[in-house]
Structures are given as C-alpha cells and as structure tokens.
file target30.csv (CSV, N, CA and C atoms)
chain,number,residue,atom,x,y,z
Z,17,MET,N,17.9,150.4,-2.7
Z,17,MET,CA,17.6,150.6,-1.3
Z,17,MET,C,16.2,150.2,-0.9
Z,18,LYS,N,15.3,150.7,-1.8
Z,18,LYS,CA,13.9,150.4,-1.5
Z,18,LYS,C,13.6,148.9,-1.6
Z,19,ASN,N,14.3,148.2,-2.5
Z,19,ASN,CA,14.1,146.7,-2.6
Z,19,ASN,C,14.7,146.0,-1.3
Z,20,MET,N,15.8,146.5,-0.8
Z,20,MET,CA,16.4,145.9,0.4
Z,20,MET,C,15.4,146.1,1.6
Z,21,VAL,N,14.8,147.2,1.8
Z,21,VAL,CA,13.9,147.4,2.9
Z,21,VAL,C,12.7,146.5,2.7
Z,22,LEU,N,12.1,146.4,1.5
Z,22,LEU,CA,11.0,145.5,1.2
Z,22,LEU,C,11.4,144.0,1.5
Z,23,PHE,N,12.6,143.7,1.2
Z,23,PHE,CA,13.1,142.3,1.4
Z,23,PHE,C,13.2,142.0,2.9
Z,24,ILE,N,13.7,143.0,3.7
Z,24,ILE,CA,13.8,142.8,5.2
Z,24,ILE,C,12.5,142.7,5.8
Z,25,VAL,N,11.5,143.6,5.4
Z,25,VAL,CA,10.2,143.5,6.0
Z,25,VAL,C,9.5,142.2,5.7
Z,26,THR,N,9.7,141.7,4.4
Z,26,THR,CA,9.1,140.4,4.0
Z,26,THR,C,9.7,139.3,4.8
Z,27,VAL,N,11.0,139.2,5.0
Z,27,VAL,CA,11.6,138.2,5.7
Z,27,VAL,C,11.2,138.2,7.2
Z,28,SER,N,11.1,139.4,7.8
Z,28,SER,CA,10.7,139.5,9.1
Z,28,SER,C,9.2,139.0,9.3
Z,29,PHE,N,8.4,139.3,8.4
Z,29,PHE,CA,7.0,138.9,8.5
Z,29,PHE,C,6.9,137.4,8.3
Z,30,LEU,N,7.6,136.8,7.4
Z,30,LEU,CA,7.6,135.4,7.2
Z,30,LEU,C,8.2,134.6,8.4
Z,31,GLY,N,9.2,135.2,9.0
Z,31,GLY,CA,9.8,134.6,10.2
Z,31,GLY,C,8.9,134.5,11.4
Z,32,CYS,N,8.1,135.6,11.6
Z,32,CYS,CA,7.1,135.6,12.6
Z,32,CYS,C,6.0,134.6,12.3
Z,33,LYS,N,5.6,134.5,11.1
Z,33,LYS,CA,4.5,133.6,10.7
Z,33,LYS,C,5.0,132.2,10.9
Z,34,GLY,N,6.3,131.9,10.6
Z,34,GLY,CA,6.8,130.5,10.8
Z,34,GLY,C,6.8,130.1,12.3
Z,35,ARG,N,7.1,131.1,13.1
Z,35,ARG,CA,7.2,130.8,14.6
Z,35,ARG,C,5.8,130.4,15.1
Z,36,ASN,N,4.8,131.2,14.6
Z,36,ASN,CA,3.4,130.9,15.0
Z,36,ASN,C,2.9,129.6,14.4
Z,37,ASP,N,3.4,129.3,13.2
Z,37,ASP,CA,2.9,128.1,12.6
Z,37,ASP,C,3.4,126.9,13.4
Z,38,MET,N,4.5,126.9,14.0
Z,38,MET,CA,5.0,125.7,14.7
Z,38,MET,C,4.1,125.5,15.9
Z,39,LYS,N,3.7,126.5,16.6
Z,39,LYS,CA,2.8,126.4,17.7
Z,39,LYS,C,1.4,125.9,17.3
Z,40,HIS,N,1.0,126.5,16.2
Z,40,HIS,CA,-0.3,126.1,15.6
Z,40,HIS,C,-0.3,124.7,15.1
Z,41,LEU,N,0.8,124.3,14.5
Z,41,LEU,CA,0.9,122.9,14.0
Z,41,LEU,C,0.7,121.9,15.2
Z,42,LEU,N,1.3,122.1,16.3
Z,42,LEU,CA,1.2,121.2,17.4
Z,42,LEU,C,0.0,121.2,18.2
Z,43,GLU,N,-0.7,122.4,18.3
Z,43,GLU,CA,-1.8,122.5,19.2
Z,43,GLU,C,-3.0,121.7,18.8
Z,44,TYR,N,-3.7,121.1,19.7
Z,44,TYR,CA,-4.9,120.3,19.6
Z,44,TYR,C,-6.0,121.1,19.0
Z,45,GLN,N,-6.6,120.6,17.9
Z,45,GLN,CA,-7.6,121.3,17.2
Z,45,GLN,C,-9.0,120.8,17.4
Z,46,ASN,N,-9.3,120.1,18.5
Z,46,ASN,CA,-10.6,119.4,18.7
Z,46,ASN,C,-11.0,118.5,17.6
Z,47,ASP,N,-10.0,117.8,17.1
Z,47,ASP,CA,-10.3,116.8,16.0
Z,47,ASP,C,-9.9,115.4,16.3
Z,48,ASN,N,-9.8,115.1,17.6
Z,48,ASN,CA,-9.4,113.8,18.1
Z,48,ASN,C,-8.1,113.3,17.6
Z,49,SER,N,-7.2,114.2,17.2
Z,49,SER,CA,-5.9,113.8,16.8
Z,49,SER,C,-4.9,113.8,18.0
Z,50,TYR,N,-3.8,113.2,17.7
Z,50,TYR,CA,-2.7,113.1,18.7
Z,50,TYR,C,-1.4,112.9,18.0
Z,51,TRP,N,-0.3,113.2,18.6
Z,51,TRP,CA,1.0,113.0,18.1
Z,51,TRP,C,1.7,111.7,18.6
Z,52,ILE,N,2.2,110.9,17.7
Z,52,ILE,CA,2.9,109.7,18.0
Z,52,ILE,C,4.4,110.0,18.0
Z,53,GLN,N,5.1,109.5,19.1
Z,53,GLN,CA,6.5,109.7,19.2
Z,53,GLN,C,7.2,108.4,18.8
Z,54,LYS,N,8.2,108.6,17.9
Z,54,LYS,CA,9.0,107.5,17.4
Z,54,LYS,C,10.5,107.8,17.5
Z,55,GLU,N,11.3,106.8,17.7
Z,55,GLU,CA,12.7,106.9,17.8
Z,55,GLU,C,13.4,106.3,16.6
Z,56,LYS,N,14.5,106.9,16.2
Z,56,LYS,CA,15.2,106.4,15.0
Z,56,LYS,C,16.1,105.2,15.5
Z,57,MET,N,16.0,104.1,14.8
Z,57,MET,CA,16.8,102.9,15.2
Z,57,MET,C,18.1,102.9,14.4
Z,58,LYS,N,19.0,102.0,14.7
Z,58,LYS,CA,20.3,101.9,14.1
Z,58,LYS,C,20.2,101.6,12.6
Z,59,ASN,N,19.1,100.9,12.2
Z,59,ASN,CA,18.9,100.6,10.7
Z,59,ASN,C,18.3,101.8,10.0
Z,60,GLY,N,18.0,102.9,10.6
Z,60,GLY,CA,17.5,104.1,10.0
Z,60,GLY,C,16.0,104.2,10.0
Z,61,SER,N,15.3,103.2,10.4
Z,61,SER,CA,13.8,103.3,10.4
Z,61,SER,C,13.4,103.8,11.8
Z,62,TYR,N,12.2,104.3,11.9
Z,62,TYR,CA,11.7,104.8,13.1
Z,62,TYR,C,10.7,103.8,13.8
Z,63,ALA,N,10.8,103.6,15.1
Z,63,ALA,CA,10.0,102.7,15.8
Z,63,ALA,C,9.2,103.5,16.8
Z,64,TYR,N,7.9,103.1,17.0
Z,64,TYR,CA,7.0,103.6,18.0
Z,64,TYR,C,7.5,103.3,19.4
Z,65,VAL,N,7.5,104.3,20.3
Z,65,VAL,CA,8.1,104.1,21.6
Z,65,VAL,C,7.0,104.0,22.7
Z,66,GLY,N,5.7,103.9,22.2
Z,66,GLY,CA,4.6,103.7,23.2
Z,66,GLY,C,4.1,105.0,23.8
Z,67,LEU,N,4.6,106.1,23.3
Z,67,LEU,CA,4.2,107.4,23.8
Z,67,LEU,C,3.4,108.2,22.7
Z,68,GLN,N,2.4,108.8,23.1
Z,68,GLN,CA,1.6,109.7,22.3
Z,68,GLN,C,1.4,111.0,23.1
Z,69,TRP,N,1.1,112.1,22.3
Z,69,TRP,CA,1.0,113.4,23.0
Z,69,TRP,C,-0.1,114.2,22.4
Z,70,ILE,N,-0.7,115.0,23.3
Z,70,ILE,CA,-1.7,116.0,22.9
Z,70,ILE,C,-1.1,117.3,23.5
Z,71,PHE,N,-1.1,118.4,22.6
Z,71,PHE,CA,-0.5,119.7,23.0
Z,71,PHE,C,-1.7,120.7,23.0
Z,72,TYR,N,-1.9,121.3,24.1
Z,72,TYR,CA,-3.1,122.3,24.2
Z,72,TYR,C,-2.6,123.7,24.1
Z,73,ALA,N,-3.5,124.6,23.7
Z,73,ALA,CA,-3.2,126.0,23.4
Z,73,ALA,C,-2.8,126.7,24.7
Z,74,ASP,N,-3.2,126.2,25.9
Z,74,ASP,CA,-2.8,126.9,27.1
Z,74,ASP,C,-1.4,126.5,27.6
Z,75,GLY,N,-0.7,125.7,26.8
Z,75,GLY,CA,0.7,125.4,27.2
Z,75,GLY,C,0.8,124.0,27.9
Z,76,SER,N,-0.3,123.4,28.1
Z,76,SER,CA,-0.3,122.1,28.8
Z,76,SER,C,-0.1,121.0,27.8
Z,77,SER,N,0.4,119.8,28.2
Z,77,SER,CA,0.5,118.7,27.3
Z,77,SER,C,0.0,117.5,28.1
Z,78,ARG,N,-0.5,116.5,27.3
Z,78,ARG,CA,-1.0,115.3,28.0
Z,78,ARG,C,-0.3,114.1,27.3
Z,79,PRO,N,0.5,113.4,28.1
Z,79,PRO,CA,1.1,112.1,27.6
Z,79,PRO,C,0.1,111.0,27.6
Z,80,LEU,N,0.1,110.2,26.5
Z,80,LEU,CA,-0.8,109.1,26.4
Z,80,LEU,C,0.0,107.9,26.2
Z,81,SER,N,-0.4,106.7,26.7
Z,81,SER,CA,0.3,105.5,26.6
Z,81,SER,C,-0.6,104.5,25.9
Z,82,SER,N,0.0,103.8,24.9
Z,82,SER,CA,-0.7,102.8,24.1
Z,82,SER,C,0.3,101.8,23.5
Z,83,ALA,N,0.0,100.6,23.5
Z,83,ALA,CA,0.9,99.6,22.8
Z,83,ALA,C,0.7,99.7,21.3
Z,84,ASN,N,-0.4,100.3,20.8
Z,84,ASN,CA,-0.7,100.4,19.4
Z,84,ASN,C,-0.7,101.8,19.0
Z,85,GLU,N,0.2,102.2,18.1
Z,85,GLU,CA,0.3,103.6,17.7
Z,85,GLU,C,-1.0,104.1,17.0
Z,86,ASN,N,-1.8,103.2,16.5
Z,86,ASN,CA,-3.0,103.6,15.8
Z,86,ASN,C,-4.2,103.7,16.7
Z,87,GLN,N,-4.0,103.4,17.9
Z,87,GLN,CA,-5.1,103.5,18.9
Z,87,GLN,C,-4.8,104.5,20.0
Z,88,LYS,N,-5.6,105.5,20.1
Z,88,LYS,CA,-5.4,106.6,21.1
Z,88,LYS,C,-5.2,106.0,22.5
Z,89,GLY,N,-4.1,106.3,23.1
Z,89,GLY,CA,-3.8,105.8,24.4
Z,89,GLY,C,-4.6,106.4,25.6
Z,90,SER,N,-4.3,105.9,26.7
Z,90,SER,CA,-4.9,106.5,28.0
Z,90,SER,C,-3.9,107.4,28.6
Z,91,PRO,N,-4.4,108.4,29.4
Z,91,PRO,CA,-3.5,109.3,30.0
Z,91,PRO,C,-2.4,108.6,30.8
Z,92,SER,N,-1.2,109.1,30.8
Z,92,SER,CA,0.0,108.5,31.4
Z,92,SER,C,0.7,109.5,32.2
Z,93,MET,N,1.4,109.1,33.2
Z,93,MET,CA,2.3,110.0,34.0
Z,93,MET,C,3.8,109.6,33.6
Z,94,LEU,N,4.6,110.6,33.3
Z,94,LEU,CA,6.0,110.3,32.9
Z,94,LEU,C,6.9,110.2,34.1
Z,95,ASN,N,6.5,110.9,35.2
Z,95,ASN,CA,7.3,110.8,36.4
Z,95,ASN,C,6.4,111.1,37.6
Z,96,MET,N,6.8,110.6,38.7
Z,96,MET,CA,6.0,110.7,39.9
Z,96,MET,C,5.8,112.1,40.5
Z,97,GLU,N,6.6,113.0,40.0
Z,97,GLU,CA,6.6,114.4,40.5
Z,97,GLU,C,5.5,115.2,39.8
Z,98,SER,N,4.9,114.7,38.8
Z,98,SER,CA,4.0,115.6,38.0
Z,98,SER,C,2.6,114.9,38.0
Z,99,SER,N,1.6,115.7,37.6
Z,99,SER,CA,0.3,115.2,37.4
Z,99,SER,C,0.3,114.6,36.0
Z,100,SER,N,-0.8,114.1,35.5
Z,100,SER,CA,-0.9,113.5,34.2
Z,100,SER,C,-0.8,114.6,33.1
Z,101,LYS,N,-0.9,115.9,33.5
Z,101,LYS,CA,-0.6,116.9,32.5
Z,101,LYS,C,0.7,117.6,32.7
Z,102,GLY,N,1.4,117.9,31.7
Z,102,GLY,CA,2.7,118.6,31.8
Z,102,GLY,C,2.6,119.9,31.1
Z,103,GLU,N,3.7,120.5,30.9
Z,103,GLU,CA,3.7,121.8,30.2
Z,103,GLU,C,4.6,121.6,28.9
Z,104,TRP,N,4.2,122.3,27.8
Z,104,TRP,CA,5.1,122.3,26.7
Z,104,TRP,C,5.3,123.7,26.2
Z,105,THR,N,6.6,123.9,25.7
Z,105,THR,CA,7.0,125.2,25.1
Z,105,THR,C,7.8,125.0,23.9
Z,106,PHE,N,7.8,126.0,23.0
Z,106,PHE,CA,8.7,126.0,21.9
Z,106,PHE,C,9.5,127.3,21.9
Z,107,ASN,N,10.8,127.2,22.0
Z,107,ASN,CA,11.7,128.3,22.0
Z,107,ASN,C,12.1,128.6,20.5
Z,108,HIS,N,11.7,129.7,20.0
Z,108,HIS,CA,12.0,130.1,18.6
Z,108,HIS,C,13.4,130.3,18.4
Z,109,THR,N,14.1,130.9,19.4
Z,109,THR,CA,15.5,131.3,19.2
Z,109,THR,C,16.4,130.1,18.9
Z,110,ASP,N,16.3,129.0,19.7
Z,110,ASP,CA,17.2,127.9,19.5
Z,110,ASP,C,16.4,126.6,19.0
Z,111,SER,N,15.2,126.8,18.6
Z,111,SER,CA,14.3,125.7,18.1
Z,111,SER,C,14.2,124.5,19.0
Z,112,THR,N,14.1,124.8,20.3
Z,112,THR,CA,13.9,123.8,21.3
Z,112,THR,C,12.4,123.5,21.7
Z,113,LEU,N,12.0,122.3,21.6
Z,113,LEU,CA,10.7,121.9,22.0
Z,113,LEU,C,10.8,121.1,23.3
Z,114,LYS,N,10.1,121.7,24.3
Z,114,LYS,CA,10.1,121.0,25.6
Z,114,LYS,C,8.7,120.5,25.8
Z,115,ILE,N,8.5,119.2,25.7
Z,115,ILE,CA,7.2,118.6,25.8
Z,115,ILE,C,6.8,118.4,27.2
Z,116,CYS,N,7.7,118.1,28.1
Z,116,CYS,CA,7.4,117.9,29.5
Z,116,CYS,C,8.7,118.1,30.2
Z,117,ALA,N,8.8,117.9,31.5
Z,117,ALA,CA,10.0,118.1,32.3
Z,117,ALA,C,11.2,117.2,31.8
Z,118,VAL,N,10.9,116.0,31.3
Z,118,VAL,CA,11.9,115.1,31.0
Z,118,VAL,C,12.1,114.9,29.5
Z,119,CYS,N,11.3,115.6,28.6
Z,119,CYS,CA,11.4,115.4,27.2
Z,119,CYS,C,11.7,116.7,26.5
Z,120,VAL,N,12.9,117.0,26.2
Z,120,VAL,CA,13.4,118.2,25.6
Z,120,VAL,C,14.1,117.8,24.3
Z,121,PHE,N,13.7,118.5,23.2
Z,121,PHE,CA,14.2,118.1,21.8
Z,121,PHE,C,14.6,119.4,21.1
Z,122,LYS,N,15.6,119.2,20.2
Z,122,LYS,CA,16.0,120.2,19.2
Z,122,LYS,C,15.3,119.9,17.9
Z,123,ILE,N,14.5,120.8,17.4
Z,123,ILE,CA,13.8,120.6,16.2
Z,123,ILE,C,14.8,120.8,15.0
Z,124,LYS,N,14.8,119.8,14.1
Z,124,LYS,CA,15.7,119.8,13.0
Z,124,LYS,C,15.0,120.1,11.7
Z,125,LYS,N,13.7,119.7,11.6
Z,125,LYS,CA,13.0,119.9,10.4
Z,125,LYS,C,11.5,119.7,10.7
Z,126,VAL,N,10.6,120.4,10.0
Z,126,VAL,CA,9.2,120.3,10.2
Z,126,VAL,C,8.6,120.1,8.8
Z,127,ALA,N,7.8,119.0,8.7
Z,127,ALA,CA,7.0,118.7,7.5
Z,127,ALA,C,5.5,118.9,7.9
Z,128,ARG,N,4.7,118.6,7.0
Z,128,ARG,CA,3.2,118.9,7.2
Z,128,ARG,C,2.7,118.3,8.5
Z,129,ASP,N,2.9,117.0,8.7
Z,129,ASP,CA,2.4,116.3,9.9
Z,129,ASP,C,3.5,115.5,10.6
Z,130,THR,N,4.7,115.9,10.4
Z,130,THR,CA,5.9,115.3,11.0
Z,130,THR,C,6.9,116.3,11.5
Z,131,VAL,N,7.3,116.1,12.7
Z,131,VAL,CA,8.4,117.0,13.3
Z,131,VAL,C,9.6,116.1,13.5
Z,132,PHE,N,10.7,116.5,12.9
Z,132,PHE,CA,12.0,115.7,13.1
Z,132,PHE,C,12.8,116.4,14.1
Z,133,MET,N,13.3,115.7,15.1
Z,133,MET,CA,14.0,116.3,16.2
Z,133,MET,C,15.1,115.4,16.7
Z,134,SER,N,16.0,116.0,17.5
Z,134,SER,CA,17.1,115.2,18.2
Z,134,SER,C,16.9,115.5,19.6
Z,135,GLY,N,17.4,114.5,20.4
Z,135,GLY,CA,17.4,114.7,21.9
Z,135,GLY,C,18.3,115.9,22.3
Z,136,LYS,N,17.9,116.7,23.2
Z,136,LYS,CA,18.7,117.8,23.7
Z,136,LYS,C,19.3,117.4,25.0
Z,137,GLY,N,20.6,117.2,25.0
Z,137,GLY,CA,21.2,116.7,26.3
Z,137,GLY,C,21.4,115.2,26.3
Z,138,TYR,N,20.9,114.5,25.4
Z,138,TYR,CA,21.0,113.1,25.3
Z,138,TYR,C,21.0,112.7,23.8
Z,139,LYS,N,21.5,111.5,23.5
Z,139,LYS,CA,21.6,111.0,22.1
Z,139,LYS,C,20.3,110.5,21.6
Z,140,GLY,N,20.2,110.6,20.3
Z,140,GLY,CA,19.0,110.0,19.6
Z,140,GLY,C,18.3,110.9,18.7
Z,141,ASP,N,17.7,110.4,17.7
Z,141,ASP,CA,16.8,111.1,16.8
Z,141,ASP,C,15.4,110.6,16.9
Z,142,PHE,N,14.4,111.5,16.9
Z,142,PHE,CA,13.1,111.2,17.1
Z,142,PHE,C,12.2,112.0,16.1
Z,143,ILE,N,11.0,111.5,16.0
Z,143,ILE,CA,9.9,112.2,15.2
Z,143,ILE,C,8.6,112.2,16.0
Z,144,LEU,N,7.8,113.2,15.7
Z,144,LEU,CA,6.5,113.2,16.1
Z,144,LEU,C,5.6,113.2,14.9
Z,145,VAL,N,4.7,112.3,14.8
Z,145,VAL,CA,3.8,112.1,13.6
Z,145,VAL,C,2.4,112.3,14.0
Z,146,LYS,N,1.7,113.2,13.4
Z,146,LYS,CA,0.3,113.5,13.7
Z,146,LYS,C,-0.6,112.3,13.2
Z,147,HIS,N,-1.4,111.8,14.1
Z,147,HIS,CA,-2.4,110.8,13.8
Z,147,HIS,C,-3.8,111.4,13.9
Z,148,ARG,N,-4.5,111.2,12.8
Z,148,ARG,CA,-5.9,111.8,12.8
Z,148,ARG,C,-6.9,110.7,12.9
call {"tool": "encode", "arguments": {"input": "target30.csv", "output": "structure tokens"}}
result
Amino acid sequence: MKNMVLFIVTVSFLGCKGRNDMKHLLEYQNDNSYWIQKEKMKNGSYAYVGLQWIFYADGSSRPLSSANENQKGSPSMLNMESSSKGEWTFNHTDSTLKICAVCVFKIKKVARDTVFMSGKGYKGDFILVKHR
C-alpha cells in the first residue's frame, strides 16, 4: 500500500512538471530564437510554410514571415481582425496548442526542439522546430 501511494504521488508530480515543461519549452528565453512551422507533405517530408513564431510568457505570440526559414522574419498579421500579436495557450487536458485565433493544433509528440502536431478541425500534420 505504501508503494502504491508513493507511485501515485510520483506520477502526479511528474505530470505537473510535464505540463509546465511544455509551456517553458515554447516560451521565448531572450535568446533570439524562434519557432519554424512546417507542414508534412504527401511524400512524408516536412516543408517550411513561411511562418515563424515567438511565444511570450505573458501568453502573447508573434507571427513572423520570411521566405527563408534560417532568417528571422518580420512581424506578420495572420488576419485583418488582429494586431500583429496574438495569444497562445496550451490546454493540458486535451493537448491542444492554440497559437493564434486561426492556428489550433493537437500535440502528438514533443522532442527536445521539435513539437509534432496535427491540425485540430482541419487535416494535416505539422511541426514546430526551434531555430537558435
């Protein structure tokens, strides 16, 4: 019984840590980094879609636009109803990442500097890759 209680406490602690890690992983660390968005093509490879993201600790996100994924883009507006900054949230319960009003994804897997996701409400697989 004592082992079972210890197991439950450990799993609960690790679960909370994992949730905070996702937020910490995405948040901008004042290191000039940004996240590159790529879409999975029919041949299985991922192609850059011209969008980059910066996620701030206050819950705001900044879309960047660049033709070159290795060059930090300039601020971009995704729709005419918003300013150049949007809001981002991560829902721990259903693993939903909302980057802005029009970009909502279901997180499938998280690696060190890569987030694998699928479109929520639309088809397609995507990744975010951290560029330093």
call {"tool": "select_by_dssp", "arguments": {"input": "target30.csv", "residues": "stretch 32-81 of chain Z", "states": "alpha helix (DSSP H)", "output": "mmCIF file with N, CA and C atoms, in the coordinates of the input"}}
result
data_model
loop_
_atom_site.group_PDB
_atom_site.id
_atom_site.type_symbol
_atom_site.label_atom_id
_atom_site.label_comp_id
_atom_site.auth_asym_id
_atom_site.auth_seq_id
_atom_site.Cartn_x
_atom_site.Cartn_y
_atom_site.Cartn_z
ATOM 1 N N CYS Z 32 8.100 135.600 11.600
ATOM 2 C CA CYS Z 32 7.100 135.600 12.600
ATOM 3 C C CYS Z 32 6.000 134.600 12.300
ATOM 4 N N LYS Z 33 5.600 134.500 11.100
ATOM 5 C CA LYS Z 33 4.500 133.600 10.700
ATOM 6 C C LYS Z 33 5.000 132.200 10.900
ATOM 7 N N GLY Z 34 6.300 131.900 10.600
ATOM 8 C CA GLY Z 34 6.800 130.500 10.800
ATOM 9 C C GLY Z 34 6.800 130.100 12.300
ATOM 10 N N ARG Z 35 7.100 131.100 13.100
ATOM 11 C CA ARG Z 35 7.200 130.800 14.600
ATOM 12 C C ARG Z 35 5.800 130.400 15.100
ATOM 13 N N ASN Z 36 4.800 131.200 14.600
ATOM 14 C CA ASN Z 36 3.400 130.900 15.000
ATOM 15 C C ASN Z 36 2.900 129.600 14.400
ATOM 16 N N ASP Z 37 3.400 129.300 13.200
ATOM 17 C CA ASP Z 37 2.900 128.100 12.600
ATOM 18 C C ASP Z 37 3.400 126.900 13.400
ATOM 19 N N MET Z 38 4.500 126.900 14.000
ATOM 20 C CA MET Z 38 5.000 125.700 14.700
ATOM 21 C C MET Z 38 4.100 125.500 15.900
ATOM 22 N N LYS Z 39 3.700 126.500 16.600
ATOM 23 C CA LYS Z 39 2.800 126.400 17.700
ATOM 24 C C LYS Z 39 1.400 125.900 17.300
ATOM 25 N N HIS Z 40 1.000 126.500 16.200
ATOM 26 C CA HIS Z 40 -0.300 126.100 15.600
ATOM 27 C C HIS Z 40 -0.300 124.700 15.100
ATOM 28 N N LEU Z 41 0.800 124.300 14.500
ATOM 29 C CA LEU Z 41 0.900 122.900 14.000
ATOM 30 C C LEU Z 41 0.700 121.900 15.200
ATOM 31 N N LEU Z 42 1.300 122.100 16.300
ATOM 32 C CA LEU Z 42 1.200 121.200 17.400
ATOM 33 C C LEU Z 42 0.000 121.200 18.200
#
call {"tool": "closest_residue", "arguments": {"input": "target30.csv", "among": "Z:Leu144, Z:Met57, Z:Tyr62, Z:Pro79", "to": "Z:Val126", "atoms": "only C-alpha atoms"}}
result
Z:Leu144
call {"tool": "residues_around", "arguments": {"input": "target30.csv", "residues": "Z:Lys101", "least_positions_apart": "3", "cutoff": "7 Å", "atoms": "only N, CA and C atoms", "output": "ChimeraX atom specification"}}
result
/Z:76-79,92-93,98
call {"tool": "atom_distance", "arguments": {"input": "target30.csv", "atom1": "atom C of Z:Ser134", "atom2": "atom CA of Z:Asn48"}}
result
26.4 Å
call {"tool": "atom_distance", "arguments": {"input": "target30.csv", "atom1": "atom CA of Z:Ser111", "atom2": "atom CA of Z:Tyr64"}}
result
23.3 Å
call {"tool": "residues_around", "arguments": {"input": "target30.csv", "residues": "Z:Cys116", "least_positions_apart": "3", "cutoff": "7 Å", "atoms": "only N, CA and C atoms", "output": "list in words"}}
result
Gly102, Glu103, Trp104, Thr105, Leu113, Cys119 and Val120 of chain Z
call {"tool": "atom_distance", "arguments": {"input": "target30.csv", "atom1": "atom CA of Z:His40", "atom2": "atom CA of Z:Ala63"}}
result
25.6 Å
call {"tool": "residues_around", "arguments": {"input": "target30.csv", "residues": "Z:Trp51", "least_positions_apart": "2", "cutoff": "7 Å", "atoms": "all atoms listed in the file", "output": "NGL selection string"}}
result
:Z and (49 or 53 or 67-71 or 144-147)
call {"tool": "residues_around", "arguments": {"input": "target30.csv", "residues": "Z:Glu85", "least_positions_apart": "3", "cutoff": "7 Å", "atoms": "only N, CA and C atoms", "output": "PDB file with N, CA and C atoms, keeping the file's coordinate frame"}}
result
ATOM      1  N   ILE Z  52       2.200 110.900  17.700  1.00  0.00           N
ATOM      2  CA  ILE Z  52       2.900 109.700  18.000  1.00  0.00           C
ATOM      3  C   ILE Z  52       4.400 110.000  18.000  1.00  0.00           C
ATOM      4  N   TYR Z  64       7.900 103.100  17.000  1.00  0.00           N
ATOM      5  CA  TYR Z  64       7.000 103.600  18.000  1.00  0.00           C
ATOM      6  C   TYR Z  64       7.500 103.300  19.400  1.00  0.00           C
ATOM      7  N   GLY Z  66       5.700 103.900  22.200  1.00  0.00           N
ATOM      8  CA  GLY Z  66       4.600 103.700  23.200  1.00  0.00           C
ATOM      9  C   GLY Z  66       4.100 105.000  23.800  1.00  0.00           C
ATOM     10  N   SER Z  82       0.000 103.800  24.900  1.00  0.00           N
ATOM     11  CA  SER Z  82      -0.700 102.800  24.100  1.00  0.00           C
ATOM     12  C   SER Z  82       0.300 101.800  23.500  1.00  0.00           C
ATOM     13  N   LYS Z  88      -5.600 105.500  20.100  1.00  0.00           N
ATOM     14  CA  LYS Z  88      -5.400 106.600  21.100  1.00  0.00           C
ATOM     15  C   LYS Z  88      -5.200 106.000  22.500  1.00  0.00           C
TER      16      LYS Z  88
END
call {"tool": "closest_residue", "arguments": {"input": "target30.csv", "among": "Z:Val65, Z:Ala73, Z:Ala117, Z:Ile123", "to": "Z:Leu42", "atoms": "all atoms listed in the file"}}
result
Z:Ala73
call {"tool": "closest_residue", "arguments": {"input": "target30.csv", "among": "Z:Tyr72, Z:Lys56, Z:Leu41, Z:Asp47", "to": "Z:Phe142", "atoms": "all atoms listed in the file"}}
result
Z:Lys56
